[in-house]
Every structure is written in C-alpha cells, then in structure tokens.
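Following: one structure in structure tokens, then a few remarks.
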Amino acid sequence: MIMKATLLLFSIYVCLCKAKDTDNLQDVCPTDTARKNIFINGYSCKNPAKITAADFKSSILRNEGDTDNFQRSSTTIVSATEFAGLNTLGLSVARTDLDIDGVVMPHAHPRASEMMFVGKGVVIAGFIDTKSQVFQKTLKEGDVFIVPRGLLHYSLNSGFEFATVYSVLSSQNPGVVSISDAMFAPIVSEPMKKLMTKLTSFSNNVTLFH
C-alpha cells in the first residue's frame with residue numbers, strides 16, 4: 001500500500017514537472033545559432049567562452065508592427081530562436097500593435113500563460129475559460145492583465161489612438177493556436193467578418209466577469 005502511494009505521488013510529481021519548460025541547469029545558456037539543426041527539446045548552448053552581453057539584449061520589439069491588414073493589428077513574438085539569451089529560461093516576449101478599431105482574434109498559447117502590459121492607448125482584453133465564462137477588462141496605459149495558459153484570449157483597441165501592448169509568456173516556445181486560421185479561410189471571408197463584428201461589440205452583448 002505504501003509502495004503504491006509512493007508511486008502515485010512520484011507520477012503526480014513527474015506530470016507537474018512536465019507541465020512547464022525544463023529548468024536550466026546552469027546560469028545562462030544562450031542559443032547556439034550555428035547548431036539549430038540539432039533537434040532537442042530547446043536549443044543547444046553556446047560555447048561559454050563566446051557568451052557576451054549582446055546575447056541578453058534584443059531590439060526586435062523596438063519598432064511598430066505593420067497594421068495595414070484586415071484585422072488592423074500586428075503581433076511579434078520573440079522566442080529563443082531570435083533572442084539567444086532566452087534559451088532555457090522558459091520565457092518569450094511579444095509586442096502587439098493595434099490601430100484604431102484593431103483586433104487580435106481569439107487564439108491560445110498551449111504551452112504558456114501570458115502577462116500583458118499596456119504601453120500605450122486603451123485596450124479591451126479578455127479570455128474564455130473551459131466553462132465558457134468570459135473574463136474581460138478595459139486596460140489603460142500601465143495596466144497589466146493575465147491570461148492563464150492554454151485559454152482562448154483576444155484584445156481590441158477601444159480608444160481613439162494607436163495602442164501598443166507588451167507581453168511576457170511563460171515558455172520559450174509558447175505556440176499559437178488561432179481559431180480564425182483553423183476555421184475561416186481566407187481571412188476576409190464572411191464568417192471572419194461576422195466574428196470580428198461580434199468581437200468588437202462583445203462588451204455590450206454578453207454578461208462578463210469584471
């Protein structure tokens with residue numbers, strides 16, 4: 001009986017450990033960009049003798065994304081592939097730019113929770129849990145919003161100026177599953193247009209948890 005209980009606890013522990021990125025076993029492990037053809041769970045480490053401060057800085061999110069598209073939005077995710085210093089740290093960063101009336105359609109990150117920080121503008125952000133309950137808030141500059149791992153979430157510009165949101169995700173490879181890509185093609189199809197119209201008027205048409 002004790003042996004069975006021990007095995008059960010060990011199994012639970014293993015499952016919990018596998019529920020997130022593998023912990024790093026050394027202080028730093030910048031991606032070795034010359035060896036990306038080696039297929040492991042993550043990237044191989046750079047030679048410690050060649051690690052520099054430049055490995056821990058990225059300017060990718062400095063510039064605005066291109067919002068000249070149907071959704072009037074742009075999201076740039078920076079992972080360990082582009083930002084060597086993120087390797088083994090279980091983190092990615094992102095920037096979302098929203099033009100006036102811009103929308104980020106419902107999507108999920110199967111391997112990461114997301115913390116959103118509004119750097120500019122007024123943004124409505126929300127997520128939908130497994131009971132189909134909607135949790136939505138209006139965010140202003142400096143506000144932070146959390147999206148639990150794997151849940152569908154969305155955002156839209158509810159102000160009268162360009163909006164920018166910065167995010168930190170709890171995986172170096174969070175993944176993106178978009179219901180718009182999975183269900184509607186092309187992106188300018190009638191079902192897609194109807195979904196966007198409903199989303200932009202969401203706050204007036206459903207009962208939300210504030």
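How things are named: the first chain in the structure tokens is A, the next is B, and so on; residues count from 1 in each chain; ligands count from 1 in the order shown.
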
Identify, with DSSP run on backbone atoms, the residues in stretch 25-201 of chain A assigned to strand (DSSP E or B), and express the list as an MDAnalysis selection string.
chainID A and resid 31 40 42 45 73:78 92:98 103:108 114:120 123:128 134:139 144:147 152:157 163:169 177:178

Writer output for current selection, C-alpha atoms, as a CSV table (one decimal), in the first residue's frame:
```
chain,number,residue,atom,x,y,z
A,31,THR,CA,21.2,29.7,-28.2
A,40,ILE,CA,16.4,18.6,-28.9
A,42,GLY,CA,15.1,23.5,-26.7
A,45,CYS,CA,24.0,26.1,-25.6
A,73,SER,CA,-3.2,44.6,-35.8
A,74,SER,CA,0.3,43.1,-35.7
A,75,THR,CA,1.8,40.8,-33.1
A,76,THR,CA,5.5,40.0,-33.0
A,77,ILE,CA,6.6,37.1,-30.7
A,78,VAL,CA,10.3,36.9,-29.8
A,92,SER,CA,9.3,34.7,-24.5
A,93,VAL,CA,8.3,38.3,-25.1
A,94,ALA,CA,5.9,39.9,-27.6
A,95,ARG,CA,4.7,43.2,-28.9
A,96,THR,CA,1.1,43.8,-30.2
A,97,ASP,CA,0.3,46.9,-32.1
A,98,LEU,CA,-3.4,47.8,-32.6
A,103,VAL,CA,-8.5,43.4,-33.2
A,104,VAL,CA,-6.4,40.4,-32.2
A,105,MET,CA,-8.6,37.4,-32.9
A,106,PRO,CA,-9.2,34.7,-30.3
A,107,HIS,CA,-6.2,32.4,-30.0
A,108,ALA,CA,-4.4,30.4,-27.4
A,114,GLU,CA,0.7,35.4,-20.8
A,115,MET,CA,1.1,38.7,-18.9
A,116,MET,CA,0.1,41.7,-20.9
A,117,PHE,CA,1.2,45.3,-20.2
A,118,VAL,CA,-0.4,48.2,-22.0
A,119,GLY,CA,2.3,50.6,-23.1
A,120,LYS,CA,0.1,53.0,-25.0
A,123,VAL,CA,-7.3,48.2,-24.9
A,124,ILE,CA,-10.1,45.7,-24.2
A,125,ALA,CA,-8.6,42.3,-23.3
A,126,GLY,CA,-10.3,39.1,-22.3
A,127,PHE,CA,-10.1,35.3,-22.1
A,128,ILE,CA,-12.6,32.5,-22.1
A,134,VAL,CA,-15.7,35.4,-20.3
A,135,PHE,CA,-13.3,37.5,-18.2
A,136,GLN,CA,-12.8,40.8,-19.8
A,137,LYS,CA,-11.4,44.2,-18.7
A,138,THR,CA,-10.7,47.6,-20.2
A,139,LEU,CA,-7.0,48.4,-19.8
A,144,VAL,CA,-1.5,44.6,-16.6
A,145,PHE,CA,-3.7,41.7,-17.5
A,146,ILE,CA,-3.1,37.9,-17.0
A,147,VAL,CA,-4.2,35.2,-19.4
A,152,LEU,CA,-8.6,31.4,-25.7
A,153,HIS,CA,-8.0,35.1,-25.4
A,154,TYR,CA,-8.3,38.3,-27.5
A,155,SER,CA,-7.8,42.0,-27.5
A,156,LEU,CA,-9.0,45.1,-29.3
A,157,ASN,CA,-8.3,48.8,-29.5
A,163,ALA,CA,-2.3,51.2,-29.0
A,164,THR,CA,0.6,49.0,-28.0
A,165,VAL,CA,0.7,46.0,-25.7
A,166,TYR,CA,3.8,44.2,-24.5
A,167,SER,CA,3.7,40.6,-23.2
A,168,VAL,CA,5.8,38.1,-21.4
A,169,LEU,CA,4.9,34.5,-21.9
A,177,VAL,CA,-3.4,28.2,-32.0
A,178,SER,CA,-5.7,30.6,-33.8
```

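For the residues A:Val28, A:Ala80, A:Leu151, A:Val176, ranking by smallest atom-to-atom distance to A:Thr52 using only C-alpha atoms places A:Val28 first.
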
Between atom CA of A:Ser58 and atom CA of A:Glu141, what is the distance, to one decimal in Å?
22.9 Å

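Take atom CA of A:Val122 and atom CA of A:Lys140: the distance between them is 4.7 Å.
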
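From atom CA of A:Ile51 back to atom CA of A:Thr88, the distance works out to 14.6 Å.
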
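The smallest atom-to-atom distance between A:Asp66 and any of A:Gly85, A:Gly150, A:Gly102, A:Ala34, using only C-alpha atoms, is found for A:Gly102.
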